[in-house]
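The file input_32.txt contains compact mmCIF, C-alpha atoms and all ligand atoms:
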```
# COMPACT_ATOMS: atom_id res chain seq x y z
CA MET A 314 84.58 -7.41 34.13
CA THR A 315 87.49 -8.19 31.93
CA ARG A 316 91.06 -7.83 33.02
CA ARG A 317 91.50 -5.01 30.56
CA SER A 318 88.72 -2.92 32.09
CA TRP A 319 90.19 -3.41 35.55
CA ILE A 320 93.51 -2.13 34.27
CA GLY A 321 91.71 0.80 32.66
CA ILE A 322 89.96 1.67 35.92
CA ALA A 323 93.22 1.43 37.86
CA LEU A 324 95.02 3.75 35.43
CA ALA A 325 92.15 6.22 35.31
CA SER A 326 91.80 6.36 39.08
CA SER A 327 95.50 7.08 39.43
CA LEU A 328 94.72 10.37 37.69
CA PHE A 329 92.66 11.40 40.70
CA THR A 330 95.75 11.37 42.90
CA ALA A 331 96.56 14.67 41.20
CA CYS A 332 93.40 16.12 42.75
CA ALA A 333 94.53 15.83 46.38
CA SER A 334 94.10 19.16 48.11
CA GLY A 335 95.64 20.60 51.26
CA GLY A 336 99.07 19.14 50.49
CA PRO A 337 102.00 21.02 52.00
CA MET A 338 103.43 21.63 48.54
CA ASP A 339 100.16 22.46 46.77
CA SER A 340 101.19 24.87 44.04
CA LEU A 341 97.57 25.96 43.58
CA ASP A 342 97.37 27.26 47.14
CA PRO A 343 99.55 30.38 47.03
CA GLN A 344 100.44 32.24 50.24
CA GLY A 345 101.90 35.71 50.20
CA PRO A 346 101.82 38.30 47.42
CA ILE A 347 104.44 36.81 45.07
CA ALA A 348 102.94 33.34 44.79
CA THR A 349 99.44 34.85 44.57
CA ASP A 350 100.52 37.06 41.70
CA ILE A 351 102.09 34.12 39.87
CA ASP A 352 98.93 32.11 40.50
CA GLY A 353 97.04 34.94 38.80
CA LEU A 354 99.16 34.34 35.66
CA PHE A 355 98.31 30.66 35.77
CA ARG A 356 94.60 31.43 36.04
CA LEU A 357 94.79 33.98 33.23
CA THR A 358 96.44 31.41 30.96
CA LEU A 359 94.02 28.69 32.04
CA ASN A 360 91.01 30.92 31.30
CA ILE A 361 92.28 31.89 27.86
CA ALA A 362 93.11 28.26 27.08
CA THR A 363 89.66 27.13 28.26
CA VAL A 364 87.88 29.61 26.00
CA ILE A 365 90.02 28.54 23.04
CA PHE A 366 89.43 24.87 23.82
CA VAL A 367 85.66 25.35 23.91
CA LEU A 368 85.62 27.43 20.69
CA VAL A 369 87.92 25.11 18.72
CA THR A 370 86.31 21.90 19.94
CA GLY A 371 82.84 23.39 19.33
CA ALA A 372 83.73 24.42 15.78
CA LEU A 373 85.24 21.01 15.13
CA LEU A 374 82.16 19.18 16.40
CA TYR A 375 79.87 21.48 14.45
CA ALA A 376 81.82 20.93 11.21
CA THR A 377 82.01 17.18 11.79
CA ILE A 378 78.28 16.83 12.26
CA ARG A 379 77.00 19.54 9.91
CA PHE A 380 79.21 18.56 6.99
CA ARG A 381 79.30 14.81 7.50
CA ASP A 382 79.04 12.57 4.46
CA ARG A 383 75.36 12.02 3.70
CA GLY A 384 75.92 9.96 0.55
CA ASP A 385 74.92 11.57 -2.76
CA ARG A 386 72.86 14.26 -1.09
CA THR A 387 75.96 16.00 0.30
CA PRO A 388 76.96 19.03 -1.71
CA GLU A 389 80.67 19.90 -1.65
CA PRO A 390 81.16 22.58 1.09
CA LYS A 391 82.50 25.93 0.03
CA GLN A 392 86.33 25.83 -0.05
CA VAL A 393 88.19 28.82 1.43
CA GLU A 394 91.81 27.78 1.12
CA GLY A 395 94.24 30.65 0.49
CA ASN A 396 91.79 33.32 1.59
CA ALA A 397 94.04 36.26 2.51
CA ARG A 398 91.60 37.84 4.95
CA PHE A 399 91.19 34.60 6.96
CA GLU A 400 94.93 34.02 6.95
CA VAL A 401 95.55 37.45 8.47
CA ILE A 402 92.80 36.99 11.07
CA TRP A 403 94.04 33.63 12.28
CA THR A 404 97.59 34.87 12.49
CA VAL A 405 96.86 38.13 14.27
CA ILE A 406 94.48 36.68 16.89
CA PRO A 407 96.97 34.06 18.20
CA VAL A 408 99.72 36.69 18.25
CA LEU A 409 97.55 38.91 20.43
CA ILE A 410 96.65 36.00 22.71
CA LEU A 411 100.28 34.94 23.11
CA ALA A 412 101.35 38.53 23.75
CA SER A 413 98.71 38.92 26.46
CA ILE A 414 100.26 35.92 28.21
CA ALA A 415 103.92 36.63 27.44
CA VAL A 416 104.07 40.27 28.51
CA PRO A 417 102.87 39.77 32.12
CA THR A 418 104.86 36.51 32.41
CA VAL A 419 108.18 38.05 31.40
CA ASP A 420 107.43 41.03 33.63
CA ARG A 421 106.96 38.73 36.68
CA ILE A 422 110.09 36.72 35.87
CA PHE A 423 112.20 39.86 36.17
CA LYS A 424 110.24 41.25 39.10
CA TYR A 425 110.54 38.18 41.34
CA THR A 426 114.13 37.31 40.55
CA SER A 427 115.66 40.65 41.47
CA CYS A 428 115.78 42.39 44.83
CA ALA A 429 115.08 45.85 46.17
CA ASP A 430 117.94 47.52 48.04
CA ASP A 431 116.24 47.30 51.40
CA ALA A 432 115.45 43.57 51.16
CA LEU A 433 116.74 41.26 53.87
CA HIS A 434 119.52 39.15 52.34
CA ILE A 435 120.01 35.49 53.18
CA GLU A 436 122.54 33.32 51.37
CA VAL A 437 121.43 29.87 50.23
CA THR A 438 124.00 27.26 49.22
CA GLY A 439 122.92 23.96 47.74
CA HIS A 440 124.83 20.84 48.78
CA GLN A 441 124.22 17.20 47.95
CA TRP A 442 121.68 16.89 49.69
CA TRP A 443 120.81 19.77 51.95
CA PHE A 444 120.35 23.52 51.87
CA GLU A 445 122.68 25.76 53.85
CA TYR A 446 121.44 29.20 54.97
CA ASN A 447 123.81 32.01 55.93
CA TYR A 448 122.60 35.18 57.56
CA PRO A 449 125.48 37.46 56.53
CA ASP A 450 124.28 40.53 58.46
CA ASP A 451 123.89 38.52 61.65
CA GLY A 452 126.93 36.29 61.38
CA PHE A 453 125.61 32.76 61.68
CA SER A 454 124.82 29.77 59.52
CA THR A 455 122.02 27.23 59.72
CA ALA A 456 120.59 24.46 57.54
CA ASN A 457 117.40 22.91 56.18
CA VAL A 458 115.04 25.26 58.02
CA LEU A 459 114.96 28.80 56.66
CA VAL A 460 113.49 31.25 59.15
CA ILE A 461 112.16 34.55 57.80
CA PRO A 462 110.11 37.42 59.20
CA THR A 463 106.59 37.97 57.86
CA ASP A 464 105.70 41.05 55.80
CA ALA A 465 109.24 41.58 54.63
CA GLU A 466 110.93 41.15 51.32
CA ILE A 467 113.48 38.34 51.63
CA CYS A 468 116.21 38.19 49.03
CA LEU A 469 117.81 34.77 48.66
CA ASP A 470 121.32 35.03 47.21
CA MET A 471 121.80 31.51 45.91
CA THR A 472 124.62 29.35 44.64
CA SER A 473 125.68 25.71 44.73
CA ASP A 474 128.66 23.95 46.20
CA ASP A 475 128.58 20.96 43.85
CA VAL A 476 125.95 20.29 41.16
CA ILE A 477 122.91 22.23 39.98
CA HIS A 478 120.07 22.34 42.50
CA ASN A 479 116.78 24.18 42.39
CA TYR A 480 114.98 25.99 45.19
CA TRP A 481 111.23 25.60 45.20
CA VAL A 482 108.79 26.56 47.92
CA PRO A 483 105.55 26.40 45.90
CA LYS A 484 103.42 28.44 48.28
CA LEU A 485 105.86 31.36 48.24
CA ASN A 486 107.37 31.63 44.75
CA GLY A 487 108.33 29.68 41.64
CA LYS A 488 111.51 27.69 41.14
CA ARG A 489 115.02 29.03 40.68
CA TYR A 490 118.29 27.25 39.96
CA LEU A 491 121.32 27.18 42.26
CA VAL A 492 124.30 26.91 39.95
CA PRO A 493 127.93 26.26 40.96
CA GLY A 494 130.04 29.36 40.36
CA GLN A 495 127.05 31.56 39.68
CA ALA A 496 124.83 33.78 41.79
CA THR A 497 121.07 33.63 41.33
CA VAL A 498 118.45 35.52 43.24
CA LEU A 499 114.96 34.59 44.40
CA LEU A 500 112.47 36.72 46.31
CA LEU A 501 110.28 35.36 49.08
CA ARG A 502 107.54 37.07 50.99
CA ALA A 503 105.10 35.49 53.44
CA ASP A 504 102.17 37.42 54.87
CA GLU A 505 101.20 34.92 57.53
CA PRO A 506 103.36 33.21 60.12
CA GLY A 507 103.56 29.54 59.35
CA GLU A 508 105.47 26.65 57.92
CA TYR A 509 106.01 26.37 54.17
CA TRP A 510 107.46 23.26 52.56
CA GLY A 511 109.96 23.12 49.75
CA GLN A 512 111.92 20.65 47.70
CA CYS A 513 115.01 20.65 45.51
CA ALA A 514 113.44 20.68 42.06
CA GLU A 515 116.39 19.61 39.94
CA PHE A 516 117.64 16.05 39.91
CA CYS A 517 120.95 16.32 41.75
CA GLY A 518 122.03 12.75 42.48
CA LEU A 519 121.04 9.74 44.56
CA SER A 520 119.30 11.49 47.43
CA HIS A 521 117.70 14.27 45.40
CA ALA A 522 114.24 13.24 46.61
CA LYS A 523 115.50 13.62 50.18
CA MET A 524 116.64 17.18 49.67
CA ARG A 525 113.78 19.14 51.09
CA ALA A 526 113.38 22.56 52.62
CA ARG A 527 111.29 24.18 55.32
CA VAL A 528 110.56 27.86 55.48
CA ILE A 529 109.26 29.14 58.78
CA ALA A 530 107.79 32.63 58.72
CA MET A 531 107.59 34.39 62.10
CA ASP A 532 106.14 37.68 63.33
CA PRO A 533 108.91 40.29 63.39
CA ASP A 534 109.11 40.11 67.21
CA ASP A 535 109.48 36.33 67.27
CA TYR A 536 111.99 36.62 64.45
CA ALA A 537 114.10 39.07 66.47
CA ASP A 538 114.08 36.61 69.39
CA TRP A 539 115.05 33.79 67.07
CA LEU A 540 117.92 35.84 65.61
CA SER A 541 119.40 36.56 69.02
CA SER A 542 119.07 32.93 70.08
CA GLN A 543 120.95 31.83 66.95
CA GLN A 544 123.73 34.33 67.56
CA ARG A 545 124.74 32.99 70.92
CA PRO A 546 127.37 30.25 71.06
CA ALA A 547 126.33 26.67 71.73
CA SER A 548 125.07 25.55 75.14
CA MET A 549 127.75 23.88 77.25
CA PRO A 550 126.96 20.57 78.91
CA ALA A 551 127.48 20.26 82.65
CA ASP A 552 130.44 18.26 83.96
CA GLY A 553 130.02 14.52 84.25
CA THR A 554 126.85 14.29 82.13
CA ILE A 555 126.20 12.04 79.15
CA GLU A 556 125.93 15.24 77.06
CA GLN A 557 129.48 16.12 78.01
CA GLU A 558 130.61 12.63 77.08
CA GLY A 559 128.93 13.20 73.69
CA MET A 560 130.70 16.52 73.23
CA ASN A 561 134.06 14.92 73.95
CA LEU A 562 133.35 12.18 71.41
CA PHE A 563 132.34 14.84 68.91
CA LEU A 564 135.56 16.78 69.45
CA GLY A 565 137.79 13.74 69.65
CA GLY A 566 136.40 11.91 66.62
CA GLN A 567 135.66 12.62 63.00
CA CYS A 568 132.53 14.72 63.52
CA VAL A 569 134.55 17.84 64.14
CA SER A 570 136.25 17.68 60.76
CA CYS A 571 132.95 18.34 58.97
CA HIS A 572 130.69 20.20 61.41
CA ASN A 573 130.91 23.56 63.12
CA ILE A 574 129.54 24.16 66.62
CA SER A 575 130.16 27.79 67.56
CA GLY A 576 132.12 28.20 70.75
CA VAL A 577 133.09 24.52 70.73
CA THR A 578 134.81 23.80 67.43
CA ALA A 579 135.63 27.45 66.73
CA SER A 580 139.29 26.95 65.97
CA ASN A 581 139.05 23.77 63.94
CA PRO A 582 141.45 24.17 60.99
CA ALA A 583 139.82 21.47 58.87
CA LEU A 584 136.64 23.53 58.59
CA ALA A 585 138.54 26.50 57.30
CA THR A 586 139.76 24.54 54.29
CA GLY A 587 136.15 24.20 53.21
CA SER A 588 136.48 20.59 52.09
CA ILE A 589 133.39 18.39 52.45
CA TYR A 590 131.39 19.75 55.33
CA GLY A 591 127.98 19.34 56.80
CA PRO A 592 125.38 21.57 58.43
CA ASP A 593 126.28 23.92 61.27
CA LEU A 594 125.15 22.18 64.46
CA THR A 595 125.43 25.09 66.94
CA HIS A 596 121.66 25.20 67.44
CA PHE A 597 120.84 21.83 65.93
CA SER A 598 117.92 21.03 68.20
CA SER A 599 116.25 24.40 67.58
CA ARG A 600 115.37 23.02 64.14
CA ASP A 601 112.56 20.51 64.16
CA VAL A 602 113.73 18.70 61.03
CA PHE A 603 117.16 17.64 59.83
CA ALA A 604 119.03 15.64 57.17
CA GLY A 605 117.60 17.63 54.28
CA ALA A 606 114.38 18.23 56.25
CA THR A 607 113.49 14.56 55.89
CA LEU A 608 113.88 13.45 59.53
CA ASN A 609 111.98 14.74 62.51
CA HIS A 610 113.66 15.58 65.81
CA ASP A 611 110.66 14.37 67.75
CA ASP A 612 110.63 10.92 66.19
CA PRO A 613 112.13 8.60 68.78
CA GLY A 614 115.45 7.26 67.59
CA ALA A 615 115.67 9.50 64.51
CA ILE A 616 118.92 11.17 65.60
CA GLU A 617 120.40 7.85 66.72
CA SER A 618 119.67 6.08 63.45
CA TRP A 619 121.01 9.01 61.48
CA ILE A 620 124.42 9.10 63.18
CA ASP A 621 124.54 5.31 63.21
CA ASN A 622 124.37 4.96 59.43
CA PRO A 623 123.65 8.08 57.35
CA PRO A 624 123.98 6.44 53.89
CA LEU A 625 121.32 3.93 54.90
CA ILE A 626 118.87 6.79 55.37
CA LYS A 627 120.06 9.05 52.58
CA PRO A 628 121.70 6.95 49.86
CA GLY A 629 125.06 8.36 48.84
CA SER A 630 125.22 10.67 51.86
CA PHE A 631 128.56 12.40 52.29
CA MET A 632 128.33 11.86 56.02
CA PRO A 633 129.97 8.46 56.40
CA ASN A 634 129.05 5.53 58.61
CA ILE A 635 131.70 5.85 61.29
CA ASP A 636 131.00 2.51 63.00
CA LEU A 637 130.10 4.00 66.34
CA THR A 638 129.18 1.79 69.29
CA GLN A 639 125.67 1.97 70.72
CA GLN A 640 127.00 3.80 73.76
CA GLU A 641 128.78 6.39 71.61
CA ILE A 642 125.63 6.90 69.55
CA GLU A 643 123.56 7.54 72.65
CA ALA A 644 126.05 10.01 74.07
CA LEU A 645 126.34 11.88 70.78
CA ALA A 646 122.55 11.99 70.36
CA ALA A 647 122.15 13.35 73.90
CA TYR A 648 124.72 16.03 73.14
CA LEU A 649 123.04 16.94 69.85
CA ARG A 650 119.67 17.24 71.63
CA SER A 651 121.20 19.67 74.12
CA LEU A 652 122.24 22.06 71.32
CA ASP A 653 119.14 24.26 71.53
C1 LIG B 701 132.86 13.66 56.10
C2 LIG B 701 132.11 14.70 56.71
C3 LIG B 701 131.22 14.38 57.90
C4 LIG B 701 131.53 13.74 59.07
C5 LIG B 701 132.86 13.11 59.46
C6 LIG B 701 130.35 13.81 59.90
N1 LIG B 701 129.35 14.43 59.23
FE1 LIG B 701 127.52 14.82 59.97
N2 LIG B 701 126.97 15.53 58.16
C7 LIG B 701 127.77 15.63 57.05
C8 LIG B 701 126.98 16.02 55.92
C9 LIG B 701 127.49 16.25 54.49
C10 LIG B 701 125.66 16.13 56.38
C11 LIG B 701 124.43 16.48 55.56
C12 LIG B 701 123.87 15.17 55.06
C13 LIG B 701 122.58 15.30 54.31
O1 LIG B 701 121.61 15.88 54.85
O2 LIG B 701 122.52 14.79 53.19
C14 LIG B 701 125.69 15.84 57.79
C15 LIG B 701 124.58 15.89 58.62
C16 LIG B 701 124.61 15.72 59.99
C17 LIG B 701 123.52 15.96 60.89
C18 LIG B 701 122.16 16.51 60.47
C19 LIG B 701 122.24 18.00 60.53
C20 LIG B 701 121.08 18.72 59.93
O3 LIG B 701 120.69 19.77 60.46
O4 LIG B 701 120.57 18.25 58.92
C21 LIG B 701 123.95 15.66 62.14
C22 LIG B 701 123.15 15.76 63.41
C23 LIG B 701 125.32 15.21 62.02
N3 LIG B 701 125.68 15.27 60.69
C24 LIG B 701 126.09 14.80 63.09
C25 LIG B 701 127.34 14.24 62.94
C26 LIG B 701 128.07 13.58 63.99
C27 LIG B 701 127.57 13.42 65.41
C28 LIG B 701 129.24 13.14 63.47
C29 LIG B 701 130.33 12.34 64.13
C30 LIG B 701 129.90 11.07 64.63
C31 LIG B 701 129.25 13.53 62.06
N4 LIG B 701 128.09 14.19 61.79
C32 LIG B 701 130.28 13.30 61.19
C33 LIG B 701 129.12 15.41 57.01
C34 LIG B 701 129.83 14.79 58.00
CU CU B 702 119.33 19.24 44.89
```
Same coordinates, now as structure tokens:
Amino acid sequence: MTRRSWIGIALASSLFTACASGGPMDSLDPQGPIATDIDGLFRLTLNIATVIFVLVTGALLYATIRFRDRGDRTPEPKQVEGNARFEVIWTVIPVLILASIAVPTVDRIFKYTSCADDALHIEVTGHQWWFEYNYPDDGFSTANVLVIPTDAEICLDMTSDDVIHNYWVPKLNGKRYLVPGQATVLLLRADEPGEYWGQCAEFCGLSHAKMRARVIAMDPDDYADWLSSQQRPASMPADGTIEQEGMNLFLGGQCVSCHNISGVTASNPALATGSIYGPDLTHFSSRDVFAGATLNHDDPGAIESWIDNPPLIKPGSFMPNIDLTQQEIEALAAYLRSLD
């Protein structure tokens, strides 16, 4: 085969990568009523478009073959330019088709971006490059992993701390912007307990691709347990342990100027000024992913390499490389692991 056909095959086969199924962010695999309803709109539009495609392509093929140039034997086909009746028909039909798509679409846009009074409110703040979640009724803050109860309407009250971000958990709803100085709202509802993946969907700087989200939906009972576990202050390490050494490093070094640990850093004045700050670490190890949901707690050495050199892992990260020694890193990592 020629080089050109190899290139053709390579390009064509790359199209099949779009056919992968079972991906954690498959937008054609809706879960929960909102995403399913939106999926219905997609299918409606796809069906209408398919019918139009078949009709138009069929008519085109028919005309091309039926009226092709047969030399002298071809009579001039009948010309219908300027026919008022045809003009009206092919204006009215597209208007009706577009209306049948536009009306339900606009209806859903308003429906899924406003909240009922009894919805559970959770505040989402976008930061370069992680999502912060505040549970205002329960008085705590967490990051990267959003925990919600199943079968409940969750109202996300969203804003951004720096640039425009976009919250997108494809299996639960469409995308919505987080805009500095503005409040936007997005509804979520999951029927089944499970893990749903998300991603910041607006380019927001160097580590945009590493700004992911996890939504964990729990049965209401498990959710209640989770809430009470998040409300307690951080676990205290026992005297003389490596965890305690880590805590002292945390409190004595720079970490404390950017991170809150309830019951440990409670009175830190730097946090109150709200300058650059990072995720709340009170229950850090209760979350199975961190650093914008891109690193896994269970991966050996993940915590160590993160605190060793954050910008190496997330380019541009606002958590600096503090030049810690190996011993300091190990103590800090042990302390972080104890924050359950
Ligand atoms: C200048 C502010 C700043 C300092 C100082 C700082 N951090 Fe961070 N930290 C951040 C920011 C911002 C993030 C979020 C980074 C991201 O995901 O892009 C973060 C993320 C983290 C995370 C991941 C949390 C999560 O749930 O994603 C851990 C753990 C952490 N920092 C520990 C530490 C430790 C330990 C120290 C001290 C050695 C420290 N940080 C010092 C700002 C800071
Ligand atoms: Cu973003």
Edge lengths and centre in Å to one decimal, as AutoDock Vina command-line options, is what I'm after for the box along x, y and z that holds all listed atoms of range 337-355 of chain A once 5 Å is added on each side.
```
--center_x 100.7 --center_y 29.7 --center_z 43.8 --size_x 17.4 --size_y 27.3 --size_z 26.3
```
Minimum-distance residue to Ser520 in chain A, chosen among A:Thr463, A:Ser473, A:Asn486, A:Gln441 (using all atoms listed in the file):
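Residue with the minimum atom-to-atom distance to Ser520 in chain A: A:Gln441.
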Using all atoms listed in the file, determine which residues fall within 10 Å of ligand CU 702 (chain B), then list them as an NGL selection string.
:A and (439-444 or 473 or 475-480 or 490-491 or 512-525 or 605)
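Those residues positioned at most 10 Å from (108.7, 38.8, 55.0) are A:Gly345, A:Ala432, A:Leu433, A:Val460, A:Ile461, A:Pro462, A:Thr463, A:Asp464, A:Ala465, A:Glu466, A:Ile467, A:Cys468, A:Leu500, A:Leu501, A:Arg502, A:Ala503, A:Asp504, A:Glu505, A:Pro506, A:Ala530, A:Met531, A:Asp532, A:Pro533, judged using only C-alpha atoms.
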re CA of Val577 in chain A and CA of Asp611 in chain A: distance 24.8 Å
Need the shell around Gln544 in chain A: protein/DNA/RNA residues with any atom at most 7 Å away, counting only C-alpha atoms. Skip same-chain ones fewer than 3 positions apart. Format as a PyMOL selection string?
chain A and resi 453+540-541
Go through A:Gly553, A:Gly591, A:Pro417, A:Pro623 and flag the residue nearest ligand LIG 701 (chain B), using only C-alpha atoms and all ligand atoms for the distances.
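The shortest atom-to-atom distance to ligand LIG 701 (chain B) comes from A:Gly591.
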Could you check how far CA of Asp593 in chain A sits from atom C14 of ligand LIG 701 (chain B), in Å to one decimal?
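Computed distance, CA of Asp593 in chain A to atom C14 of ligand LIG 701 (chain B), equals 8.8 Å.
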Name the residues in contact with Lys484 in chain A at a cut-off of 8 Å, using all atoms listed in the file, excluding same-chain residues fewer than 3 positions from it; report them as a list of chain:residue names.
A:Met338, A:Asp339, A:Ser340, A:Leu341, A:Asp342, A:Pro343, A:Gln344, A:Gly345, A:Ala348, A:Tyr509, A:Trp510
So how many Å separate CA of Ile626 in chain A and atom C13 of ligand LIG 701 (chain B), to one decimal?
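Interatomic distance, CA of Ile626 in chain A to atom C13 of ligand LIG 701 (chain B): 9.3 Å.
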Find, counting all atoms listed in the file, the residue in A:Tyr648, A:Phe631, A:Phe355, A:Tyr375 that gets nearest to ligand LIG 701 (chain B).
A:Phe631
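Take the candidates A:Ala646, A:Ile347, A:Val369, A:Ile322 and check each one against Ile555 in chain A using all atoms listed in the file; the shortest distance goes to A:Ala646.
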Given all atoms listed in the file as the counted atoms, nearest of A:Asn573, A:Ile435, A:Thr455, A:Glu641 to Asp470 in chain A:
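Closest to Asp470 in chain A, using all atoms listed in the file: A:Ile435.
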Kindly indicate which residue among A:Ala397, A:Leu499, A:Leu645, A:Met549 lies nearest to Thr426 in chain A, using all atoms listed in the file for the distances.
A:Leu499
Might you pull out every residue within 7 Å of Pro546 in chain A, with all atoms listed in the file counted and same-chain residues fewer than 2 positions away left off, and present them as JSON, numbers by chain?
{"A": [544, 548, 575, 576, 595]}
